[in-house]
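A.B. asks: This is the structure I want to talk about, given as structure tokens.
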Amino acid sequence: MYSFTCFTIVPLLAIQFDRVPLPVSPSGSIQPLTILTCLLNRHYVKPALQSSLLEVAEEIRKKYPGTIISYLDANFPFLDGFPLMPHLSHYDGKKVDLAFMYADARNGGYVPGQAPSPIGYGVCEEPTGNEKNMPQICENKGYWQYSLLPKLISPYVKTNLKLDPDRTRDLIRFASGNKRISKIFLEPHLIKRMHLEGLNKIRFHGCQAVRHDDHVHLQVK
């Protein structure tokens with residue numbers, strides 16, 4: 001009964017609040033990293049954001065056939081202003097978090113629809129010695145929550161996966177080029193590492209949030 005309500009009744013009601021669900025099918029180019037996101041109704045967005053993601057997915061598919069965009073958290077289906085904990089800004093249907101893309105750590109082959117963390121968050125691409133270390137800077141300023149999740153998720157990490165830098169970089173590039181997407185949050189050291197400095201939609205999210213070197217945040221106006 002709960003599943004029937006989630007996948008049949010809630011989408012119809014959400015339309016009245018100008019929200020639509022992101023794709024759920026395991027055969028599509030956009031999928032939830034975990035079905036739990038959908039069972040908790042955390043995969044709703046404004047139609048403009050859904051359309052933008054579909055356009056980005058099509059660009060990715062053309063360059064890298066078989067590539068899947070895995071989303072993590074978006075918004076609830078009803079009511080602007082209702083918080084999606086623990087996020088600070090996911091309350092209006094205009095934001096979504098996407099998982100990075102990963103490859104097999106042994107042979108480098110792309111692994112679709114997977115991440116080293118069971119929830120997508122918490123496995124970070126750490127800054128190297130010559131890169132700006134915002135996680136350390138934020139922690140030194142007293143923002144204890146900034147790097148909390150990696151510590152909590154560490155026992156559950158899958159070590160057979162590594163970042164696929166080319167697909168992840170192009171995902172961000174294509175998103176930046178989409179006319180409806182207005183902001184992208186990414187950790188500063190990854191902006192430099194991936195040579196994304198010239199894309200003015202990419203911003204630092206601030207120390208009051210959490211790290212963004214384990215996922216990318218997109219939003220529309």
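Going through the structure tokens in order, the chains are called A, B, and so on, while each chain numbers its residues from 1 and the ligands are numbered from 1 in the order shown.
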For Tyr143 in chain A, find every residue with an atom within 12 Å (counting only C-alpha atoms), except residues of its own chain fewer than 4 positions away, and show them as a JSON list (two decimals) with N, CA and C atoms, in the first residue's frame.
C.D. replies:
[["chain", "number", "residue", "atom", "x", "y", "z"],
["A", 134, "MET", "N", 39.75, 23.44, 1.42],
["A", 134, "MET", "CA", 38.62, 24.07, 2.08],
["A", 134, "MET", "C", 38.05, 23.23, 3.23],
["A", 135, "PRO", "N", 38.03, 21.90, 3.14],
["A", 135, "PRO", "CA", 37.57, 21.14, 4.31],
["A", 135, "PRO", "C", 38.35, 21.46, 5.57],
["A", 136, "GLN", "N", 39.68, 21.57, 5.44],
["A", 136, "GLN", "CA", 40.49, 21.89, 6.61],
["A", 136, "GLN", "C", 40.27, 23.33, 7.05],
["A", 137, "ILE", "N", 40.15, 24.23, 6.09],
["A", 137, "ILE", "CA", 39.91, 25.64, 6.41],
["A", 137, "ILE", "C", 38.59, 25.80, 7.17],
["A", 138, "CYS", "N", 37.55, 25.13, 6.69],
["A", 138, "CYS", "CA", 36.25, 25.24, 7.34],
["A", 138, "CYS", "C", 36.27, 24.63, 8.74],
["A", 139, "GLU", "N", 36.92, 23.49, 8.88],
["A", 139, "GLU", "CA", 37.01, 22.87, 10.20],
["A", 139, "GLU", "C", 37.79, 23.76, 11.16],
["A", 147, "SER", "N", 32.95, 18.11, 7.53],
["A", 147, "SER", "CA", 33.52, 16.82, 7.13],
["A", 147, "SER", "C", 33.02, 15.67, 8.00],
["A", 148, "LEU", "N", 31.85, 15.84, 8.60],
["A", 148, "LEU", "CA", 31.34, 14.81, 9.49],
["A", 148, "LEU", "C", 30.94, 13.54, 8.76],
["A", 206, "GLY", "N", 30.06, 27.46, 0.70],
["A", 206, "GLY", "CA", 30.20, 28.04, 2.04],
["A", 206, "GLY", "C", 30.44, 26.99, 3.11],
["A", 207, "CYS", "N", 31.12, 27.41, 4.16],
["A", 207, "CYS", "CA", 31.48, 26.49, 5.24],
["A", 207, "CYS", "C", 30.28, 26.05, 6.08],
["A", 208, "GLN", "N", 29.16, 26.76, 5.97],
["A", 208, "GLN", "CA", 27.98, 26.38, 6.76],
["A", 208, "GLN", "C", 27.31, 25.13, 6.21],
["A", 209, "ALA", "N", 27.69, 24.71, 5.01],
["A", 209, "ALA", "CA", 27.11, 23.52, 4.39],
["A", 209, "ALA", "C", 28.00, 22.30, 4.72],
["A", 210, "VAL", "N", 28.09, 21.36, 3.81],
["A", 210, "VAL", "CA", 28.98, 20.21, 3.96],
["A", 210, "VAL", "C", 29.82, 20.09, 2.69],
["A", 211, "ARG", "N", 30.76, 19.20, 2.73],
["A", 211, "ARG", "CA", 31.68, 19.04, 1.61],
["A", 211, "ARG", "C", 30.97, 18.71, 0.31]]
A.B. asks: Fewer than 4 positions away in the same chain doesn't count, so skip those; otherwise give me all residues within 9 Å of Phe174 in chain A, counting only C-alpha atoms, as a ChimeraX atom specification.
C.D. replies: /A:55-57,59-60,169-170,178
A.B. asks: Write out as a list in words each polymer residue whose atoms come within 8 Å of Gly120 in chain A, counting only C-alpha atoms; drop sequence neighbours fewer than 5 positions from it.
C.D. replies: Leu33, Leu72, Ala99, Ala115, Asp214 and His215 of chain A
A.B. asks: Could you save those same residues with N, CA, C and O atoms as a PDB file, in the first residue's frame?
C.D. replies:
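Ended up saving to selection02.pdb:
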ATOM      1  N   LEU A  33      20.464   6.570  -7.220  1.00  0.00           N
ATOM      2  CA  LEU A  33      21.543   5.679  -6.800  1.00  0.00           C
ATOM      3  C   LEU A  33      20.983   4.558  -5.931  1.00  0.00           C
ATOM      4  O   LEU A  33      21.415   3.415  -6.025  1.00  0.00           O
ATOM      5  N   LEU A  72      20.982  11.673  -6.059  1.00  0.00           N
ATOM      6  CA  LEU A  72      21.009  11.330  -4.638  1.00  0.00           C
ATOM      7  C   LEU A  72      19.791  11.888  -3.925  1.00  0.00           C
ATOM      8  O   LEU A  72      18.905  11.158  -3.534  1.00  0.00           O
ATOM      9  N   ALA A  99      25.431  12.086  -7.969  1.00  0.00           N
ATOM     10  CA  ALA A  99      26.651  11.351  -7.636  1.00  0.00           C
ATOM     11  C   ALA A  99      27.705  11.603  -8.711  1.00  0.00           C
ATOM     12  O   ALA A  99      27.388  11.828  -9.885  1.00  0.00           O
ATOM     13  N   ALA A 115      28.353   3.841  -6.752  1.00  0.00           N
ATOM     14  CA  ALA A 115      29.224   4.785  -6.059  1.00  0.00           C
ATOM     15  C   ALA A 115      29.890   4.047  -4.907  1.00  0.00           C
ATOM     16  O   ALA A 115      29.366   3.036  -4.429  1.00  0.00           O
ATOM     17  N   ASP A 214      32.263  14.989  -2.909  1.00  0.00           N
ATOM     18  CA  ASP A 214      31.715  13.641  -3.047  1.00  0.00           C
ATOM     19  C   ASP A 214      30.461  13.627  -3.909  1.00  0.00           C
ATOM     20  O   ASP A 214      29.914  12.565  -4.217  1.00  0.00           O
ATOM     21  N   HIS A 215      29.985  14.805  -4.316  1.00  0.00           N
ATOM     22  CA  HIS A 215      28.812  14.904  -5.185  1.00  0.00           C
ATOM     23  C   HIS A 215      28.791  16.299  -5.788  1.00  0.00           C
ATOM     24  O   HIS A 215      29.567  17.169  -5.393  1.00  0.00           O
TER      25      HIS A 215
END
A.B. asks: Fewer than 2 positions away in the same chain doesn't count, so skip those; otherwise give me all residues within 8 Å of Arg42 in chain A, counting only C-alpha atoms, as a list in words.
C.D. replies: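 Once the nearby chain positions are removed, what remains is Thr37, Cys38, Leu39, Leu40, Tyr44, Asp73, Ala74, Asn75, Phe76, Pro77 and Leu84 of chain A.
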A.B. asks: Deliver the residues from the most recent selection as a file, using C-alpha atoms, as a PDB file, in the first residue's frame.
C.D. replies:
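Printed below is again.pdb as written:
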ATOM      1  CA  THR A  37      15.451   7.943  -2.200  1.00  0.00           C
ATOM      2  CA  CYS A  38      12.218   7.333  -4.089  1.00  0.00           C
ATOM      3  CA  LEU A  39      10.535   5.379  -1.311  1.00  0.00           C
ATOM      4  CA  LEU A  40      11.140   8.395   0.929  1.00  0.00           C
ATOM      5  CA  TYR A  44      10.821  15.542  -6.685  1.00  0.00           C
ATOM      6  CA  ASP A  73      18.633  13.851  -3.077  1.00  0.00           C
ATOM      7  CA  ALA A  74      16.283  16.381  -4.659  1.00  0.00           C
ATOM      8  CA  ASN A  75      13.177  17.623  -2.815  1.00  0.00           C
ATOM      9  CA  PHE A  76       9.911  16.467  -1.278  1.00  0.00           C
ATOM     10  CA  PRO A  77       6.778  16.518  -3.477  1.00  0.00           C
ATOM     11  CA  LEU A  84      14.716  18.218   3.356  1.00  0.00           C
TER      12      LEU A  84
END
A.B. asks: As number ranges by chain, which residues of chain A does DSSP assign to strand (DSSP E)?
C.D. replies: A: 20-21, 30-32, 44-45, 69-71, 95-99, 102-104, 110-111, 161-163, 181-185, 202-203, 215-220
A.B. asks: One number please: CA of Gly122 in chain A to CA of His43 in chain A, in Å, one decimal.
C.D. replies: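 Separation of CA of Gly122 in chain A and CA of His43 in chain A: 19.3 Å.
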A.B. asks: At what distance in Å, to one decimal, does CA of Asn133 in chain A lie from CA of Val96 in chain A?
C.D. replies: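 Between CA of Val96 in chain A and CA of Asn133 in chain A the gap is 24.6 Å.
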A.B. asks: One decimal, Å: what's the distance from CA of Lys162 in chain A over to CA of Asp104 in chain A, could you say?
C.D. replies: 6.3 Å
A.B. asks: Can you list, as a PyMOL selection string, all residues belonging to range 47-219 of chain A that DSSP tags as helix (DSSP H, G or I)?
C.D. replies: chain A and resi 47-63+134-140+148-156+165-177+188-193
A.B. asks: Tell me, counting only C-alpha atoms, for each residue of range 94-190 of chain A within 10 Å of range 194-204 of chain A, which pair of atoms is nearest and how far apart they are in Å to one decimal, in rows ordered by chain and increasing number, as CSV.
C.D. replies:
residue,atom,partner,partner_atom,distance
A:Met134,CA,A:Phe204,CA,9.5
A:Pro165,CA,A:Met194,CA,7.4
A:Asp166,CA,A:Met194,CA,8.5
A:Thr168,CA,A:Met194,CA,8.9
A:Arg169,CA,A:Met194,CA,6.2
A:Asp170,CA,A:Met194,CA,9.5
A:Ile172,CA,A:Leu196,CA,8.5
A:Arg173,CA,A:Leu196,CA,7.6
A:Ala175,CA,A:Lys201,CA,9.3
A:Ser176,CA,A:Lys201,CA,6.2
A:Gly177,CA,A:Leu199,CA,8.6
A:Ile181,CA,A:Lys201,CA,8.2
A:Ser182,CA,A:Lys201,CA,6.2
A:Lys183,CA,A:Lys201,CA,4.9
A:Ile184,CA,A:Ile202,CA,4.5
A:Phe185,CA,A:Arg203,CA,5.1
A:Leu186,CA,A:Phe204,CA,6.2
A:Glu187,CA,A:Phe204,CA,6.3
A:Pro188,CA,A:Phe204,CA,6.5
A:His189,CA,A:Met194,CA,8.6
A:Leu190,CA,A:Met194,CA,5.8
A.B. asks: Could you write those residues out with N, CA, C and O atoms, as a PDB file, in the first residue's frame?
C.D. replies:
ATOM      1  N   MET A 134      39.748  23.435   1.417  1.00  0.00           N
ATOM      2  CA  MET A 134      38.616  24.068   2.081  1.00  0.00           C
ATOM      3  C   MET A 134      38.050  23.234   3.226  1.00  0.00           C
ATOM      4  O   MET A 134      37.613  23.796   4.233  1.00  0.00           O
ATOM      5  N   PRO A 165      37.159  10.593 -13.888  1.00  0.00           N
ATOM      6  CA  PRO A 165      37.279  12.052 -13.999  1.00  0.00           C
ATOM      7  C   PRO A 165      36.714  12.616 -15.295  1.00  0.00           C
ATOM      8  O   PRO A 165      36.176  13.727 -15.298  1.00  0.00           O
ATOM      9  N   ASP A 166      36.832  11.882 -16.391  1.00  0.00           N
ATOM     10  CA  ASP A 166      36.365  12.408 -17.677  1.00  0.00           C
ATOM     11  C   ASP A 166      34.846  12.540 -17.701  1.00  0.00           C
ATOM     12  O   ASP A 166      34.296  13.590 -18.074  1.00  0.00           O
ATOM     13  N   THR A 168      32.805  12.583 -15.126  1.00  0.00           N
ATOM     14  CA  THR A 168      32.361  13.524 -14.096  1.00  0.00           C
ATOM     15  C   THR A 168      32.581  14.965 -14.546  1.00  0.00           C
ATOM     16  O   THR A 168      31.713  15.821 -14.366  1.00  0.00           O
ATOM     17  N   ARG A 169      33.726  15.230 -15.136  1.00  0.00           N
ATOM     18  CA  ARG A 169      34.005  16.586 -15.640  1.00  0.00           C
ATOM     19  C   ARG A 169      33.006  16.982 -16.725  1.00  0.00           C
ATOM     20  O   ARG A 169      32.478  18.106 -16.721  1.00  0.00           O
ATOM     21  N   ASP A 170      32.728  16.075 -17.646  1.00  0.00           N
ATOM     22  CA  ASP A 170      31.794  16.413 -18.723  1.00  0.00           C
ATOM     23  C   ASP A 170      30.362  16.541 -18.205  1.00  0.00           C
ATOM     24  O   ASP A 170      29.591  17.364 -18.722  1.00  0.00           O
ATOM     25  N   ILE A 172      29.582  17.892 -15.408  1.00  0.00           N
ATOM     26  CA  ILE A 172      29.541  19.251 -14.866  1.00  0.00           C
ATOM     27  C   ILE A 172      29.589  20.280 -15.989  1.00  0.00           C
ATOM     28  O   ILE A 172      28.870  21.292 -15.945  1.00  0.00           O
ATOM     29  N   ARG A 173      30.390  20.035 -16.999  1.00  0.00           N
ATOM     30  CA  ARG A 173      30.471  20.958 -18.130  1.00  0.00           C
ATOM     31  C   ARG A 173      29.133  21.061 -18.852  1.00  0.00           C
ATOM     32  O   ARG A 173      28.665  22.166 -19.167  1.00  0.00           O
ATOM     33  N   ALA A 175      26.188  20.391 -17.664  1.00  0.00           N
ATOM     34  CA  ALA A 175      25.229  21.045 -16.773  1.00  0.00           C
ATOM     35  C   ALA A 175      25.444  22.556 -16.768  1.00  0.00           C
ATOM     36  O   ALA A 175      24.483  23.336 -16.792  1.00  0.00           O
ATOM     37  N   SER A 176      26.701  22.979 -16.760  1.00  0.00           N
ATOM     38  CA  SER A 176      26.997  24.409 -16.778  1.00  0.00           C
ATOM     39  C   SER A 176      26.516  25.072 -18.066  1.00  0.00           C
ATOM     40  O   SER A 176      26.116  26.240 -18.065  1.00  0.00           O
ATOM     41  N   GLY A 177      26.543  24.324 -19.153  1.00  0.00           N
ATOM     42  CA  GLY A 177      26.105  24.876 -20.432  1.00  0.00           C
ATOM     43  C   GLY A 177      24.600  24.872 -20.628  1.00  0.00           C
ATOM     44  O   GLY A 177      24.107  25.456 -21.603  1.00  0.00           O
ATOM     45  N   ILE A 181      19.980  25.800 -15.846  1.00  0.00           N
ATOM     46  CA  ILE A 181      20.750  25.574 -14.621  1.00  0.00           C
ATOM     47  C   ILE A 181      21.512  26.849 -14.275  1.00  0.00           C
ATOM     48  O   ILE A 181      22.250  27.388 -15.096  1.00  0.00           O
ATOM     49  N   SER A 182      21.316  27.334 -13.057  1.00  0.00           N
ATOM     50  CA  SER A 182      21.868  28.634 -12.668  1.00  0.00           C
ATOM     51  C   SER A 182      23.076  28.540 -11.756  1.00  0.00           C
ATOM     52  O   SER A 182      23.933  29.426 -11.768  1.00  0.00           O
ATOM     53  N   LYS A 183      23.164  27.486 -10.934  1.00  0.00           N
ATOM     54  CA  LYS A 183      24.279  27.352 -10.001  1.00  0.00           C
ATOM     55  C   LYS A 183      24.695  25.899  -9.891  1.00  0.00           C
ATOM     56  O   LYS A 183      23.859  24.984  -9.959  1.00  0.00           O
ATOM     57  N   ILE A 184      25.993  25.708  -9.697  1.00  0.00           N
ATOM     58  CA  ILE A 184      26.570  24.389  -9.459  1.00  0.00           C
ATOM     59  C   ILE A 184      27.514  24.531  -8.277  1.00  0.00           C
ATOM     60  O   ILE A 184      28.374  25.414  -8.278  1.00  0.00           O
ATOM     61  N   PHE A 185      27.367  23.679  -7.276  1.00  0.00           N
ATOM     62  CA  PHE A 185      28.262  23.708  -6.118  1.00  0.00           C
ATOM     63  C   PHE A 185      29.263  22.559  -6.234  1.00  0.00           C
ATOM     64  O   PHE A 185      28.883  21.407  -6.425  1.00  0.00           O
ATOM     65  N   LEU A 186      30.536  22.927  -6.078  1.00  0.00           N
ATOM     66  CA  LEU A 186      31.615  21.948  -6.162  1.00  0.00           C
ATOM     67  C   LEU A 186      32.783  22.470  -5.334  1.00  0.00           C
ATOM     68  O   LEU A 186      33.005  23.676  -5.247  1.00  0.00           O
ATOM     69  N   GLU A 187      33.512  21.560  -4.738  1.00  0.00           N
ATOM     70  CA  GLU A 187      34.644  21.945  -3.896  1.00  0.00           C
ATOM     71  C   GLU A 187      35.716  22.633  -4.745  1.00  0.00           C
ATOM     72  O   GLU A 187      36.006  22.198  -5.864  1.00  0.00           O
ATOM     73  N   PRO A 188      36.321  23.732  -4.236  1.00  0.00           N
ATOM     74  CA  PRO A 188      37.284  24.508  -5.035  1.00  0.00           C
ATOM     75  C   PRO A 188      38.440  23.692  -5.601  1.00  0.00           C
ATOM     76  O   PRO A 188      38.869  23.939  -6.735  1.00  0.00           O
ATOM     77  N   HIS A 189      38.968  22.724  -4.847  1.00  0.00           N
ATOM     78  CA  HIS A 189      40.127  21.982  -5.377  1.00  0.00           C
ATOM     79  C   HIS A 189      39.746  21.115  -6.573  1.00  0.00           C
ATOM     80  O   HIS A 189      40.588  20.857  -7.444  1.00  0.00           O
ATOM     81  N   LEU A 190      38.476  20.691  -6.630  1.00  0.00           N
ATOM     82  CA  LEU A 190      38.049  19.908  -7.791  1.00  0.00           C
ATOM     83  C   LEU A 190      37.784  20.798  -9.000  1.00  0.00           C
ATOM     84  O   LEU A 190      37.950  20.358 -10.143  1.00  0.00           O
TER      85      LEU A 190
END
